[in-house]
Structures are given as C-alpha cells and as structure tokens.
>>> print(open('model.pdb').read())   # PDB, C-alpha atoms and all ligand atoms
MODEL        1
ATOM      1  CA  HIS A   1      67.852  19.581  41.868  1.00  0.00           C
ATOM      2  CA  ARG A   2      70.778  17.821  40.253  1.00  0.00           C
ATOM      3  CA  MET A   3      70.982  14.046  40.171  1.00  0.00           C
ATOM      4  CA  PRO A   4      74.093  12.482  41.631  1.00  0.00           C
ATOM      5  CA  ARG A   5      76.496  11.636  38.852  1.00  0.00           C
ATOM      6  CA  VAL A   6      78.417   8.378  39.192  1.00  0.00           C
ATOM      7  CA  THR A   7      81.186   6.774  37.104  1.00  0.00           C
ATOM      8  CA  VAL A   8      81.025   3.022  36.546  1.00  0.00           C
ATOM      9  CA  THR A   9      83.869   0.964  35.074  1.00  0.00           C
ATOM     10  CA  ARG A  10      84.058  -2.432  33.440  1.00  0.00           C
ATOM     11  CA  ARG A  11      87.402  -4.179  32.828  1.00  0.00           C
ATOM     12  CA  LEU A  12      87.908  -6.363  29.781  1.00  0.00           C
ATOM     13  CA  SER A  13      90.987  -8.300  28.727  1.00  0.00           C
ATOM     14  CA  PHE A  14      92.465  -9.181  25.390  1.00  0.00           C
ATOM     15  CA  ASN A  15      95.691 -10.662  24.092  1.00  0.00           C
ATOM     16  CA  ALA A  16      97.255  -9.217  20.978  1.00  0.00           C
ATOM     17  CA  ALA A  17     100.500  -9.127  19.030  1.00  0.00           C
ATOM     18  CA  HIS A  18     102.196  -6.024  17.743  1.00  0.00           C
ATOM     19  CA  ARG A  19     105.392  -4.432  16.551  1.00  0.00           C
ATOM     20  CA  LEU A  20     106.307  -0.806  17.163  1.00  0.00           C
ATOM     21  CA  HIS A  21     108.069   0.483  14.098  1.00  0.00           C
ATOM     22  CA  ASN A  22     108.480   3.758  12.260  1.00  0.00           C
ATOM     23  CA  PRO A  23     109.305   2.899   8.634  1.00  0.00           C
ATOM     24  CA  THR A  24     110.872   6.316   8.017  1.00  0.00           C
ATOM     25  CA  TRP A  25     113.665   5.569  10.516  1.00  0.00           C
ATOM     26  CA  SER A  26     116.647   3.212  10.276  1.00  0.00           C
ATOM     27  CA  ASP A  27     116.560  -0.206  11.950  1.00  0.00           C
ATOM     28  CA  ASP A  28     118.997   1.103  14.568  1.00  0.00           C
ATOM     29  CA  GLU A  29     116.827   4.094  15.401  1.00  0.00           C
ATOM     30  CA  ASN A  30     113.754   1.897  15.693  1.00  0.00           C
ATOM     31  CA  GLN A  31     115.588  -0.566  17.941  1.00  0.00           C
ATOM     32  CA  GLN A  32     116.874   2.260  20.133  1.00  0.00           C
ATOM     33  CA  LEU A  33     113.489   3.862  20.637  1.00  0.00           C
ATOM     34  CA  PHE A  34     111.163   0.879  20.787  1.00  0.00           C
ATOM     35  CA  GLY A  35     113.486  -1.822  22.197  1.00  0.00           C
ATOM     36  CA  PRO A  36     111.861  -5.257  22.485  1.00  0.00           C
ATOM     37  CA  CYS A  37     108.591  -3.828  21.135  1.00  0.00           C
ATOM     38  CA  ASN A  38     110.433  -3.415  17.779  1.00  0.00           C
ATOM     39  CA  ASN A  39     111.077  -7.180  17.473  1.00  0.00           C
ATOM     40  CA  PRO A  40     110.601  -7.880  13.725  1.00  0.00           C
ATOM     41  CA  ASN A  41     108.667 -11.117  14.290  1.00  0.00           C
ATOM     42  CA  TRP A  42     106.116  -9.611  16.684  1.00  0.00           C
ATOM     43  CA  HIS A  43     105.465 -10.219  20.368  1.00  0.00           C
ATOM     44  CA  GLY A  44     102.361 -10.140  22.498  1.00  0.00           C
ATOM     45  CA  HIS A  45     100.859  -8.367  25.477  1.00  0.00           C
ATOM     46  CA  ASN A  46      98.030  -9.268  27.814  1.00  0.00           C
ATOM     47  CA  TYR A  47      96.104  -6.026  27.640  1.00  0.00           C
ATOM     48  CA  ARG A  48      93.399  -4.894  30.030  1.00  0.00           C
ATOM     49  CA  LEU A  49      90.969  -2.149  29.075  1.00  0.00           C
ATOM     50  CA  ASP A  50      89.026  -0.316  31.790  1.00  0.00           C
ATOM     51  CA  VAL A  51      85.977   1.337  30.247  1.00  0.00           C
ATOM     52  CA  SER A  52      84.309   4.082  32.296  1.00  0.00           C
ATOM     53  CA  VAL A  53      80.940   5.674  31.647  1.00  0.00           C
ATOM     54  CA  ALA A  54      79.354   8.372  33.784  1.00  0.00           C
ATOM     55  CA  GLY A  55      75.815   9.493  34.260  1.00  0.00           C
ATOM     56  CA  ASP A  56      72.802   9.834  36.507  1.00  0.00           C
ATOM     57  CA  VAL A  57      71.729   6.901  38.636  1.00  0.00           C
ATOM     58  CA  GLU A  58      68.469   5.730  37.112  1.00  0.00           C
ATOM     59  CA  ALA A  59      65.809   5.631  39.826  1.00  0.00           C
ATOM     60  CA  ARG A  60      64.141   2.479  38.524  1.00  0.00           C
ATOM     61  CA  THR A  61      67.282   0.306  38.377  1.00  0.00           C
ATOM     62  CA  GLY A  62      69.721   2.088  40.662  1.00  0.00           C
ATOM     63  CA  TYR A  63      72.236   1.800  37.805  1.00  0.00           C
ATOM     64  CA  VAL A  64      74.106   4.306  35.658  1.00  0.00           C
ATOM     65  CA  MET A  65      74.364   1.503  33.105  1.00  0.00           C
ATOM     66  CA  ASP A  66      74.006  -2.239  33.347  1.00  0.00           C
ATOM     67  CA  LEU A  67      77.640  -3.431  33.406  1.00  0.00           C
ATOM     68  CA  LYS A  68      76.718  -6.590  31.513  1.00  0.00           C
ATOM     69  CA  ARG A  69      75.387  -4.419  28.707  1.00  0.00           C
ATOM     70  CA  LEU A  70      78.577  -2.329  28.825  1.00  0.00           C
ATOM     71  CA  ARG A  71      80.637  -5.528  28.643  1.00  0.00           C
ATOM     72  CA  ASP A  72      78.628  -6.851  25.700  1.00  0.00           C
ATOM     73  CA  LEU A  73      79.038  -3.627  23.725  1.00  0.00           C
ATOM     74  CA  VAL A  74      82.799  -3.425  24.340  1.00  0.00           C
ATOM     75  CA  GLU A  75      83.205  -7.088  23.405  1.00  0.00           C
ATOM     76  CA  GLN A  76      81.233  -6.605  20.210  1.00  0.00           C
ATOM     77  CA  HIS A  77      82.930  -3.419  19.039  1.00  0.00           C
ATOM     78  CA  VAL A  78      86.508  -3.842  20.303  1.00  0.00           C
ATOM     79  CA  VAL A  79      87.488  -7.098  22.016  1.00  0.00           C
ATOM     80  CA  ASP A  80      86.059  -9.448  19.385  1.00  0.00           C
ATOM     81  CA  LYS A  81      88.041  -7.541  16.750  1.00  0.00           C
ATOM     82  CA  ILE A  82      91.428  -7.407  18.488  1.00  0.00           C
ATOM     83  CA  ASP A  83      91.641 -10.408  20.825  1.00  0.00           C
ATOM     84  CA  HIS A  84      94.257 -12.924  19.563  1.00  0.00           C
ATOM     85  CA  ARG A  85      94.975 -10.688  16.552  1.00  0.00           C
ATOM     86  CA  ASN A  86      97.966  -8.805  15.240  1.00  0.00           C
ATOM     87  CA  LEU A  87      97.367  -5.092  15.838  1.00  0.00           C
ATOM     88  CA  ASN A  88      99.599  -4.103  12.897  1.00  0.00           C
ATOM     89  CA  ILE A  89      97.764  -6.274  10.386  1.00  0.00           C
ATOM     90  CA  ASP A  90      94.414  -7.725  11.432  1.00  0.00           C
ATOM     91  CA  VAL A  91      92.385  -4.920  12.962  1.00  0.00           C
ATOM     92  CA  ASP A  92      90.300  -2.651  10.734  1.00  0.00           C
ATOM     93  CA  PHE A  93      90.303   0.313  13.125  1.00  0.00           C
ATOM     94  CA  MET A  94      94.111   0.102  13.621  1.00  0.00           C
ATOM     95  CA  GLN A  95      95.120   0.208   9.959  1.00  0.00           C
ATOM     96  CA  GLY A  96      98.158   2.445   9.399  1.00  0.00           C
ATOM     97  CA  ILE A  97      98.548   3.173  13.119  1.00  0.00           C
ATOM     98  CA  ASN A  98     101.761   2.415  15.041  1.00  0.00           C
ATOM     99  CA  PRO A  99     100.239   0.336  17.879  1.00  0.00           C
ATOM    100  CA  THR A 100     101.658   2.001  20.978  1.00  0.00           C
ATOM    101  CA  ALA A 101      99.359   1.848  23.987  1.00  0.00           C
ATOM    102  CA  GLU A 102      98.626   5.554  23.417  1.00  0.00           C
ATOM    103  CA  ASN A 103      97.535   4.988  19.828  1.00  0.00           C
ATOM    104  CA  ILE A 104      95.530   1.875  20.712  1.00  0.00           C
ATOM    105  CA  VAL A 105      93.566   3.679  23.417  1.00  0.00           C
ATOM    106  CA  ILE A 106      92.718   6.571  21.058  1.00  0.00           C
ATOM    107  CA  ALA A 107      91.584   4.124  18.366  1.00  0.00           C
ATOM    108  CA  CYS A 108      89.415   2.292  20.909  1.00  0.00           C
ATOM    109  CA  TRP A 109      87.856   5.592  21.977  1.00  0.00           C
ATOM    110  CA  ARG A 110      86.891   6.450  18.394  1.00  0.00           C
ATOM    111  CA  VAL A 111      85.076   3.132  18.121  1.00  0.00           C
ATOM    112  CA  LEU A 112      83.511   3.046  21.576  1.00  0.00           C
ATOM    113  CA  ALA A 113      82.292   6.609  22.139  1.00  0.00           C
ATOM    114  CA  PRO A 114      79.621   6.349  19.421  1.00  0.00           C
ATOM    115  CA  ALA A 115      78.909   2.660  20.096  1.00  0.00           C
ATOM    116  CA  LEU A 116      78.075   3.243  23.769  1.00  0.00           C
ATOM    117  CA  ARG A 117      75.706   6.166  23.238  1.00  0.00           C
ATOM    118  CA  PRO A 118      73.492   7.303  24.884  1.00  0.00           C
ATOM    119  CA  ALA A 119      75.856   6.280  27.695  1.00  0.00           C
ATOM    120  CA  GLU A 120      78.674   8.799  28.033  1.00  0.00           C
ATOM    121  CA  LEU A 121      82.155   7.330  27.733  1.00  0.00           C
ATOM    122  CA  THR A 122      84.354   9.391  30.052  1.00  0.00           C
ATOM    123  CA  ARG A 123      87.624   7.468  30.365  1.00  0.00           C
ATOM    124  CA  LEU A 124      89.534   4.552  28.895  1.00  0.00           C
ATOM    125  CA  ARG A 125      92.489   3.100  30.754  1.00  0.00           C
ATOM    126  CA  LEU A 126      94.582   0.628  28.777  1.00  0.00           C
ATOM    127  CA  TRP A 127      97.044  -1.550  30.667  1.00  0.00           C
ATOM    128  CA  GLU A 128      99.834  -2.942  28.497  1.00  0.00           C
ATOM    129  CA  THR A 129     101.671  -4.548  31.436  1.00  0.00           C
ATOM    130  CA  ASP A 130     101.091  -4.695  35.178  1.00  0.00           C
ATOM    131  CA  ASN A 131     103.231  -1.572  35.491  1.00  0.00           C
ATOM    132  CA  ASN A 132     102.267   0.521  32.453  1.00  0.00           C
ATOM    133  CA  TYR A 133      98.933   2.024  31.581  1.00  0.00           C
ATOM    134  CA  VAL A 134      97.671   4.926  29.524  1.00  0.00           C
ATOM    135  CA  GLU A 135      94.469   6.900  29.967  1.00  0.00           C
ATOM    136  CA  TYR A 136      92.397   8.823  27.474  1.00  0.00           C
ATOM    137  CA  GLU A 137      89.404  11.044  28.156  1.00  0.00           C
ATOM    138  CA  GLY A 138      88.570  12.006  24.602  1.00  0.00           C
ATOM    139  CA  ARG A 139      90.305  15.380  24.558  1.00  0.00           C
TER     140      ARG A 139
HETATM  141 NI    NI A 201     105.137  -4.359  22.942  1.00  0.00          NI
ENDMDL
END
>>> encode(input="model.pdb", output="structure tokens", more="lines below")
Ligand code: NI
Amino acid sequence: HRMPRVTVTRRLSFNAAHRLHNPTWSDDENQQLFGPCNNPNWHGHNYRLDVSVAGDVEARTGYVMDLKRLRDLVEQHVVDKIDHRNLNIDVDFMQGINPTAENIVIACWRVLAPALRPAELTRLRLWETDNNYVEYEGR
C-alpha cells in the first residue's frame, strides 16, 4: 500500500540589497515600472524563504526530513551566499539576473533542488515584504 506523503517546510530569513533595472530602457521607463525598487543607490528587503520538501514519513524517525538538516543545507547553499549581500553584484548564482522576487526564487530553486536530493523540493515561497510573496514549484 502507499505510504502517506507529507510536505514539511522550513522558513529561513535573509537581508539583501538590490536594484531592479532593465538597462535597455530609459531611466524614466525604469522608474515608472520599478518605482522605489529602481533606486540607483540600492535598497534592502528582509526576505523570508519557505522551503518545502515532500516525501514518505520514515518509519524509524517519523520524519519526512530532519528540519535541522534542511535548515543547514539551505543555509549552506543559499542563505550564506546572499545574506547581507547585494543581489545585483555579490551573488554567484544571481549574475546577470534582474533580482525581482520571481527571478530570485527561480535562481534559489536551481541551487536547492540538486542540493537537497534525495529529498524532493516541491515548493519555494519567497516573501519580499509582509504583503508580497512569490511561489515556485519548479515548472
Ligand atoms: Ni526592492
């Protein structure tokens, strides 16, 4: 018979600076579309990243995955590289990417999906503010 499949989620936080800017547009167009996020001298957000993995509940532990292990892996592969950094400049896996929340969450997925294996990453939710979040499920 099939094992019950459960999703477990760990939240991590990081602070980072960015600037949204499309260099092929005029300054006015950039300002109109991106508003304060186009500020030439950067600004920061207090991001939260909810990392979800799904799988069978292991009989021995009662866990899908030890959440401390999940935390350690996400810290090692993502948070340690982006916390207190400038997303436009400092982060190897964000090079050449306009750091909207959408593009950040996709970049994080590309790093985390292989790093978490054999655990199955099923969803990332990235909060840029208390009111705005984006979700990505790898599709
Ligand atoms: Ni912003």
>>> residues_near_ligand(input="model.pdb", ligand="ligand NI 201 (chain A)", cutoff="12 Å", atoms="only C-alpha atoms and all ligand atoms", output="mmCIF file with C-alpha atoms, keeping the file's coordinate frame")
data_model
loop_
_atom_site.group_PDB
_atom_site.id
_atom_site.type_symbol
_atom_site.label_atom_id
_atom_site.label_comp_id
_atom_site.auth_asym_id
_atom_site.auth_seq_id
_atom_site.Cartn_x
_atom_site.Cartn_y
_atom_site.Cartn_z
ATOM 1 C CA ASN A 15 95.691 -10.662 24.092
ATOM 2 C CA ALA A 16 97.255 -9.217 20.978
ATOM 3 C CA ALA A 17 100.500 -9.127 19.030
ATOM 4 C CA HIS A 18 102.196 -6.024 17.743
ATOM 5 C CA ARG A 19 105.392 -4.432 16.551
ATOM 6 C CA LEU A 20 106.307 -0.806 17.163
ATOM 7 C CA HIS A 21 108.069 0.483 14.098
ATOM 8 C CA LEU A 33 113.489 3.862 20.637
ATOM 9 C CA PHE A 34 111.163 0.879 20.787
ATOM 10 C CA GLY A 35 113.486 -1.822 22.197
ATOM 11 C CA PRO A 36 111.861 -5.257 22.485
ATOM 12 C CA CYS A 37 108.591 -3.828 21.135
ATOM 13 C CA ASN A 38 110.433 -3.415 17.779
ATOM 14 C CA ASN A 39 111.077 -7.180 17.473
ATOM 15 C CA PRO A 40 110.601 -7.880 13.725
ATOM 16 C CA ASN A 41 108.667 -11.117 14.290
ATOM 17 C CA TRP A 42 106.116 -9.611 16.684
ATOM 18 C CA HIS A 43 105.465 -10.219 20.368
ATOM 19 C CA GLY A 44 102.361 -10.140 22.498
ATOM 20 C CA HIS A 45 100.859 -8.367 25.477
ATOM 21 C CA ASN A 46 98.030 -9.268 27.814
ATOM 22 C CA TYR A 47 96.104 -6.026 27.640
ATOM 23 C CA ASN A 86 97.966 -8.805 15.240
ATOM 24 C CA LEU A 87 97.367 -5.092 15.838
ATOM 25 C CA ASN A 88 99.599 -4.103 12.897
ATOM 26 C CA ASN A 98 101.761 2.415 15.041
ATOM 27 C CA PRO A 99 100.239 0.336 17.879
ATOM 28 C CA THR A 100 101.658 2.001 20.978
ATOM 29 C CA ALA A 101 99.359 1.848 23.987
ATOM 30 C CA GLU A 102 98.626 5.554 23.417
ATOM 31 C CA ILE A 104 95.530 1.875 20.712
ATOM 32 C CA TRP A 127 97.044 -1.550 30.667
ATOM 33 C CA GLU A 128 99.834 -2.942 28.497
ATOM 34 C CA THR A 129 101.671 -4.548 31.436
ATOM 35 C CA ASN A 132 102.267 0.521 32.453
#
>>> atom_distance(input="model.pdb", atom1="atom CA of A:Ser52", atom2="atom CA of A:Gln76")
16.4 Å
>>> closest_residue(input="model.pdb", among="A:Leu12, A:Val134, A:Leu67, A:Ala107", to="A:Val53", atoms="all atoms listed in the file")
A:Leu67
>>> closest_residue(input="model.pdb", among="A:Ala115, A:Ile106, A:Val8, A:Ile97", to="A:Gly55", atoms="all atoms listed in the file")
A:Val8
>>> atom_distance(input="model.pdb", atom1="atom CA of A:Arg10", atom2="atom CA of A:Val79")
12.8 Å
>>> atom_distance(input="model.pdb", atom1="atom CA of A:Val57", atom2="atom CA of A:Asp80")
29.0 Å
>>> closest_residue(input="model.pdb", among="A:Leu126, A:Met3, A:Met94, A:Ala119", to="A:Met65", atoms="all atoms listed in the file")
A:Ala119
>>> residues_around(input="model.pdb", residues="A:Gly62", least_positions_apart="6", cutoff="12 Å", atoms="all atoms listed in the file", output="ChimeraX atom specification")
/A:4-6,55-56
>>> write_last_selection(input="model.pdb", atoms="C-alpha atoms", output="PDB file, in the coordinates of the input")
ATOM      1  CA  PRO A   4      74.093  12.482  41.631  1.00  0.00           C
ATOM      2  CA  ARG A   5      76.496  11.636  38.852  1.00  0.00           C
ATOM      3  CA  VAL A   6      78.417   8.378  39.192  1.00  0.00           C
ATOM      4  CA  GLY A  55      75.815   9.493  34.260  1.00  0.00           C
ATOM      5  CA  ASP A  56      72.802   9.834  36.507  1.00  0.00           C
TER       6      ASP A  56
END
>>> resolve_selection(input="model.pdb", expression="the PyMOL selection byres (((chain A and resi 121) around 8) and not hetatm)", output="PyMOL selection string")
chain A and resi 51-54+112-113+116-117+119-120+122-124
>>> closest_residue(input="model.pdb", among="A:Pro118, A:Arg48, A:His84, A:Thr61", to="A:Asn131", atoms="only C-alpha atoms")
A:Arg48
>>> closest_residue(input="model.pdb", among="A:Ile89, A:Ile82, A:Val105, A:Leu49", to="A:Thr9", atoms="all atoms listed in the file")
A:Leu49
>>> decode(input="model.pdb", residues="stretch 19-53 of chain A", atoms="N, CA, C and O atoms", output="compact mmCIF listing (two decimals), in the first residue's frame")
# COMPACT_ATOMS: atom_id res chain seq x y z
N ARG A 19 18.67 46.30 -6.81
CA ARG A 19 18.09 47.34 -7.64
C ARG A 19 17.47 46.66 -8.85
O ARG A 19 18.13 45.87 -9.54
N LEU A 20 16.18 46.95 -9.09
CA LEU A 20 15.54 46.45 -10.29
C LEU A 20 15.79 47.44 -11.42
O LEU A 20 15.51 48.64 -11.27
N HIS A 21 16.34 46.94 -12.50
CA HIS A 21 16.73 47.84 -13.58
C HIS A 21 16.87 47.05 -14.86
O HIS A 21 17.47 45.98 -14.87
N ASN A 22 16.29 47.57 -15.93
CA ASN A 22 16.49 46.99 -17.25
C ASN A 22 17.32 47.97 -18.07
O ASN A 22 16.83 49.04 -18.43
N PRO A 23 18.59 47.63 -18.33
CA PRO A 23 19.50 48.59 -18.96
C PRO A 23 19.11 48.96 -20.39
O PRO A 23 19.62 49.95 -20.93
N THR A 24 18.18 48.21 -21.00
CA THR A 24 17.79 48.54 -22.37
C THR A 24 16.67 49.59 -22.39
O THR A 24 16.26 50.01 -23.47
N TRP A 25 16.17 49.98 -21.21
CA TRP A 25 15.13 51.00 -21.16
C TRP A 25 15.72 52.31 -20.66
O TRP A 25 16.78 52.34 -20.03
N SER A 26 14.96 53.42 -20.89
CA SER A 26 15.37 54.73 -20.39
C SER A 26 15.19 54.76 -18.87
O SER A 26 14.49 53.93 -18.28
N ASP A 27 15.84 55.77 -18.25
CA ASP A 27 15.70 55.95 -16.80
C ASP A 27 14.23 56.16 -16.43
O ASP A 27 13.76 55.64 -15.41
N ASP A 28 13.50 56.93 -17.26
CA ASP A 28 12.09 57.17 -16.97
C ASP A 28 11.27 55.88 -17.00
O ASP A 28 10.42 55.64 -16.14
N GLU A 29 11.53 55.07 -18.02
CA GLU A 29 10.78 53.80 -18.11
C GLU A 29 11.09 52.90 -16.92
O GLU A 29 10.19 52.27 -16.35
N ASN A 30 12.35 52.84 -16.53
CA ASN A 30 12.72 52.03 -15.38
C ASN A 30 12.04 52.52 -14.11
O ASN A 30 11.51 51.74 -13.32
N GLN A 31 12.04 53.85 -13.94
CA GLN A 31 11.43 54.44 -12.74
C GLN A 31 9.93 54.16 -12.71
O GLN A 31 9.37 53.82 -11.67
N GLN A 32 9.30 54.26 -13.90
CA GLN A 32 7.86 54.02 -13.97
C GLN A 32 7.51 52.58 -13.61
O GLN A 32 6.56 52.33 -12.88
N LEU A 33 8.27 51.64 -14.12
CA LEU A 33 7.92 50.25 -13.90
C LEU A 33 8.33 49.77 -12.51
O LEU A 33 7.56 49.07 -11.83
N PHE A 34 9.52 50.11 -12.08
CA PHE A 34 10.07 49.50 -10.87
C PHE A 34 9.94 50.40 -9.64
O PHE A 34 10.13 49.91 -8.52
N GLY A 35 9.62 51.69 -9.83
CA GLY A 35 9.39 52.57 -8.68
C GLY A 35 10.57 52.60 -7.73
O GLY A 35 11.72 52.69 -8.18
N PRO A 36 10.31 52.54 -6.42
CA PRO A 36 11.39 52.63 -5.44
C PRO A 36 12.42 51.51 -5.59
O PRO A 36 13.57 51.68 -5.18
N CYS A 37 12.03 50.39 -6.17
CA CYS A 37 12.97 49.28 -6.35
C CYS A 37 14.00 49.60 -7.45
O CYS A 37 14.93 48.84 -7.67
N ASN A 38 13.82 50.75 -8.16
CA ASN A 38 14.79 51.18 -9.17
C ASN A 38 15.81 52.18 -8.60
O ASN A 38 16.72 52.62 -9.29
N ASN A 39 15.69 52.51 -7.32
CA ASN A 39 16.60 53.47 -6.69
C ASN A 39 18.06 53.18 -7.07
O ASN A 39 18.54 52.08 -6.80
N PRO A 40 18.76 54.15 -7.69
CA PRO A 40 20.11 53.87 -8.21
C PRO A 40 21.09 53.41 -7.15
O PRO A 40 22.00 52.64 -7.44
N ASN A 41 20.94 53.88 -5.92
CA ASN A 41 21.91 53.53 -4.87
C ASN A 41 21.42 52.40 -3.97
O ASN A 41 21.77 52.33 -2.79
N TRP A 42 20.60 51.50 -4.53
CA TRP A 42 20.20 50.28 -3.86
C TRP A 42 19.22 50.54 -2.72
O TRP A 42 19.02 51.66 -2.30
N HIS A 43 18.62 49.49 -2.26
CA HIS A 43 17.78 49.48 -1.05
C HIS A 43 17.68 48.02 -0.65
O HIS A 43 18.05 47.13 -1.41
N GLY A 44 17.17 47.78 0.54
CA GLY A 44 17.17 46.41 1.04
C GLY A 44 15.78 45.88 1.32
O GLY A 44 14.80 46.64 1.40
N HIS A 45 15.70 44.56 1.43
CA HIS A 45 14.48 43.89 1.88
C HIS A 45 14.86 42.85 2.92
O HIS A 45 15.97 42.31 2.90
N ASN A 46 13.92 42.59 3.82
CA ASN A 46 14.07 41.47 4.76
C ASN A 46 13.29 40.31 4.18
O ASN A 46 12.08 40.21 4.36
N TYR A 47 14.00 39.45 3.47
CA TYR A 47 13.36 38.34 2.77
C TYR A 47 13.13 37.17 3.72
O TYR A 47 13.92 36.95 4.65
N ARG A 48 12.07 36.42 3.45
CA ARG A 48 11.89 35.12 4.10
C ARG A 48 11.67 34.08 3.01
O ARG A 48 10.93 34.34 2.06
N LEU A 49 12.32 32.95 3.17
CA LEU A 49 12.22 31.88 2.18
C LEU A 49 11.68 30.63 2.87
O LEU A 49 12.29 30.11 3.80
N ASP A 50 10.50 30.19 2.42
CA ASP A 50 9.88 28.97 2.95
C ASP A 50 10.21 27.83 1.99
O ASP A 50 9.81 27.86 0.83
N VAL A 51 10.93 26.85 2.51
CA VAL A 51 11.43 25.75 1.69
C VAL A 51 10.65 24.49 2.04
O VAL A 51 10.70 24.04 3.19
N SER A 52 9.93 23.93 1.06
CA SER A 52 9.09 22.77 1.30
C SER A 52 9.63 21.55 0.59
O SER A 52 9.94 21.60 -0.61
N VAL A 53 9.74 20.45 1.32
CA VAL A 53 10.07 19.17 0.71
C VAL A 53 8.96 18.18 1.07
O VAL A 53 8.33 18.28 2.12
